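So the structure is just underneath, and the comments pick up after that.
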Amino acid sequence: MKRTLLIFIGLQMGQVMSSLDGTIVATALPTIVRDVGGFERVTWVISAYTLAVVASMPLYGKLGDLYGRKRVFLVAISVFLFGSVLCGIAQTMDQLLVARFAQGIGGGGLATLSMATIADIVPARQLGRWLGYQGVIFALASVMGPIVGGLFVDHLSWRWAFLINVPVGATAAAIVATQLHLPYRRVQHALDYLGSVLLVAALACLVLLATLGGREFAWGSGTAIALAFAIVVFGGLFVRHENRASEPVLPLRLLTDRVIRAAAGINFTSGLLLWCGIFFVPLFVQEVRHLSPTRSGLLLVPLMFGAAFGTLISGRRVERSGRLRMWPIAGGVLMSSAMVLLALLEASTSVVVIAGYVLLLGTGVGFAMQPSLLAVQNAVAHEDLGTATSTALLFRSLGNTIGIPIFGGILNAGLADRARDGTAFAHAVPPVFMAAVPVALVSILVATRLPERPLREVAAYGDATPPVGNIAPLPGWQSGSSLRP
């Protein structure tokens with residue numbers, strides 16, 4: 001148990017470091033631009049990282065399944081730290097953007113591999129509790145991210161927003177390298193290079209269209225049309241190739257499982273709704289209630305702690321009951337309620353009331369996200385664990401990537417209609433939340449289609465506790481004679 005806890009801490013250090021990189025860097029962006037220039041490309045400091053993370057995430061899931069998650073995690077964290085150092089010493093915007101892309105290539109593996117590794121060493125029946133701990137850690141780190149970024153900018157240098165990753169990441173790597181001992185199957189395998197290229201190309205075009213459309217180029221422009229066409233072409237070629245590949249990078253047979261399909265939908269919708277709250281609630285209180293950026297950012301505290309609370313409570317209850325289907329359904333109901341309430345915001349709505357709304361939203365997200373991920377990890381054979389985990393997390397990331405530009409377009413349309421209205425934001429932001437209500441309702445519908453299956457009582461590897469029931473693990477899940485250190 002002590003070793004499991006230590007491994008969990010090491011994995012979480014790597015994952016949180018990657019996940020919160022954006023919040024720390026966002027605080028430092030104005031100072032970065034003043035130092036290295038390139039204001040016209042400042043959005044790419046975030047977009048380059050996001051593009052690399054989303055594109056590399058599915059590859060890490062497959063690589064972990066093929067070569068062992070420990071060694072691939074150590075490679076990912078090494079790439080991330082190398083990119084962090086390059087960011088910290090960058091002298092021009094071009095250098096910084098290349099470094100951010102390299103950093104994102106490493107960051108894409110940290111969340112995927114850490115979550116899959118936890119599922120390696122913890123039985124599914126107990127996994128919800130550990131995911132709850134993860135939610136608490138993430139909530140605390142989310143609150144600290146902007147504060148730490150501000151302190152670096154004010155008292156040290158913006159470069160420390162990147163260089164701080166080095167001691168943290170080195171510690172995480174040392175823990176994982178010395179404490180995690182996962183056997184792996186010595187099997188003949190071949191990485192699906194063509195499938196990987198096609199998948200990366202399709203995802204890259206999707207991210208570029210979602211993040212830059214409506215800002216860098218018009219939605220009806222030739223660039224937007226070309227990107228949309230490329231998504232269809234690369235996506236079609238990818239599906240065709242994966243149906244024929246002997247060892248596909250993203251086995252489409254996984255999507256024939258009702259659990260995988262439902263969990264993908266739940267993660268997509270809940271990720272979209274979470275970031276709708278993160279992005280537009282602070283915007284509303286800044287523009288309408290005239291709160292400072294720091295005070296408006298504090299409104300994200302109840303959102304994050306709601307998510308942590310929802311994850312912790314649902315994880316504990318799932319461990320005791322062995323049933324998880326009700327939690328994503330309840331999460332969808334809470335997220336729908338929160339979005340309806342946010343859609344009713346007025347200029348006179350108090351900040352305390354708004355904090356209550358986002359707490360409700362965060363709790364719903366906690367109920368929906370992690371239990372659905374647990375369902376995925378419980379549904380697949382061990383050899384597909386990393387790929388299935390990365391698939392669920394990919395849909396979660398795509399919800400953020402696709403949702404924010406769409407909601408931003410709704411906001412801009414509302415502002416254009418009230419260009420001369422001094423309280424334009426008071427009228428333009430609530431329709432954004434109203435547009436999110438159907439998404440939340442879809443989340444409920446998808447969650448009702450999530451099958452309830454018995455949770456495994458035995459972990460694949462690690463110091464798993466004895467079974468607490470008589471549910472047998474699925475074939476291929478326990479380590480056996482074919483597994484060697």
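Every chain in the structure tokens has a letter given in the order shown (A, B, ...), and although residue numbers restart at 1 in each chain, ligands are simply numbered from 1 in the order shown.
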Any idea what's packed within 7 Å of Lys62 (chain A), counting only C-alpha atoms, ignoring anything in its chain fewer than 6 positions away? Could you give it as a PyMOL selection string? chain A and resi 249+386-387
Residues within 10 Å of Arg69 (chain A), please, as a list of chain:residue names. Count only C-alpha atoms; anything in the same chain fewer than 2 positions from it doesn't count.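 Residues near the query, excluding close chain neighbours: A:Tyr60, A:Gly61, A:Lys62, A:Leu63, A:Gly64, A:Asp65, A:Leu66, A:Tyr67, A:Arg71, A:Val72, A:Phe73, A:Leu74, A:Val75, A:Gly109, A:Thr112, A:Leu113, A:Ser114, A:Ala116, A:Thr117, A:Asp120, A:Leu180, A:Leu182, A:Pro183, A:Tyr184, A:Gly386.
Picture a line from CA of Arg159 (chain A) to CA of Ser47 (chain A); it runs 18.6 Å.
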Which residue of A:Leu81, A:Leu212, A:Leu6, A:Val153 approaches Ile46 (chain A) most closely, using only C-alpha atoms: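 Once distances to Ile46 (chain A) are computed over only C-alpha atoms, the minimum belongs to A:Leu212.
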Could you list, with a cut-off of 12 Å and counting only C-alpha atoms, the residues of region 311-367 of chain A near region 434-448 of chain A, each shown with its nearest atom pair and the distance in Å rounded to one decimal, rows sorted by chain and ascending number, as a Markdown table?
| residue | atom | partner | partner_atom | distance |
| --- | --- | --- | --- | --- |
| A:Leu324 | CA | A:Ala447 | CA | 10.5 |
| A:Arg325 | CA | A:Ala447 | CA | 7.3 |
| A:Met326 | CA | A:Thr448 | CA | 8.2 |
| A:Trp327 | CA | A:Ala447 | CA | 8.7 |
| A:Pro328 | CA | A:Ala447 | CA | 5.7 |
| A:Ile329 | CA | A:Ala447 | CA | 5.2 |
| A:Ala330 | CA | A:Ile444 | CA | 7.9 |
| A:Gly331 | CA | A:Ile444 | CA | 7.8 |
| A:Gly332 | CA | A:Ile444 | CA | 4.7 |
| A:Val333 | CA | A:Ile444 | CA | 6.5 |
| A:Leu334 | CA | A:Ala440 | CA | 8.8 |
| A:Met335 | CA | A:Ala440 | CA | 6.0 |
| A:Ser336 | CA | A:Ala440 | CA | 4.9 |
| A:Ser337 | CA | A:Val437 | CA | 8.3 |
| A:Ala338 | CA | A:Val437 | CA | 8.8 |
| A:Met339 | CA | A:Val437 | CA | 5.7 |
| A:Val340 | CA | A:Met434 | CA | 6.4 |
| A:Leu341 | CA | A:Met434 | CA | 9.0 |
| A:Leu342 | CA | A:Met434 | CA | 7.8 |
| A:Ala343 | CA | A:Met434 | CA | 5.0 |
| A:Leu344 | CA | A:Met434 | CA | 8.4 |
| A:Leu345 | CA | A:Met434 | CA | 10.4 |
| A:Leu361 | CA | A:Ala440 | CA | 10.4 |
| A:Gly364 | CA | A:Ala440 | CA | 10.0 |
| A:Val365 | CA | A:Ala440 | CA | 10.3 |
| A:Phe367 | CA | A:Ala447 | CA | 11.1 |
Smallest atom-to-atom distance to Val176 (chain A): which of A:Gly132, A:Gly277, A:Gly37, A:Gly14, using only C-alpha atoms?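 Counting only C-alpha atoms, the residue closest to Val176 (chain A) is A:Gly14.
The residue that comes closest to Arg323 (chain A), out of A:Trp160, A:Asn378, A:Ser221, A:Leu20 and on the basis of only C-alpha atoms, is A:Asn378.
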Give me the residues within 8 Å of region 106-108 of chain A as a VMD selection string, counting only C-alpha atoms and dropping any in the same chain fewer than 3 places off. chain A and resid 18 to 19 52 to 57 60 75 to 81 83 102 to 103 111 to 112
Applying 7 Å and only C-alpha atoms, which residues near Ile266 (chain A) remain after dropping the ones on its own chain fewer than 2 positions away? List them as a ChimeraX atom specification. /A:262-264,268-270,368-369,443,446-447
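Taking CA of Thr171 (chain A) and CA of Met17 (chain A) as endpoints, the distance between them is 11.6 Å.
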Among the residues A:Thr223, A:Gln126, A:Thr256, A:Thr401, the one that comes closest to Val380 (chain A) [using only C-alpha atoms]: A:Thr256
When DSSP works through the backbone of this structure, what residues of region 165-322 of chain A end up as strand (DSSP E or B), shown as an MDAnalysis selection string? chainID A and resid 184:185 213 217
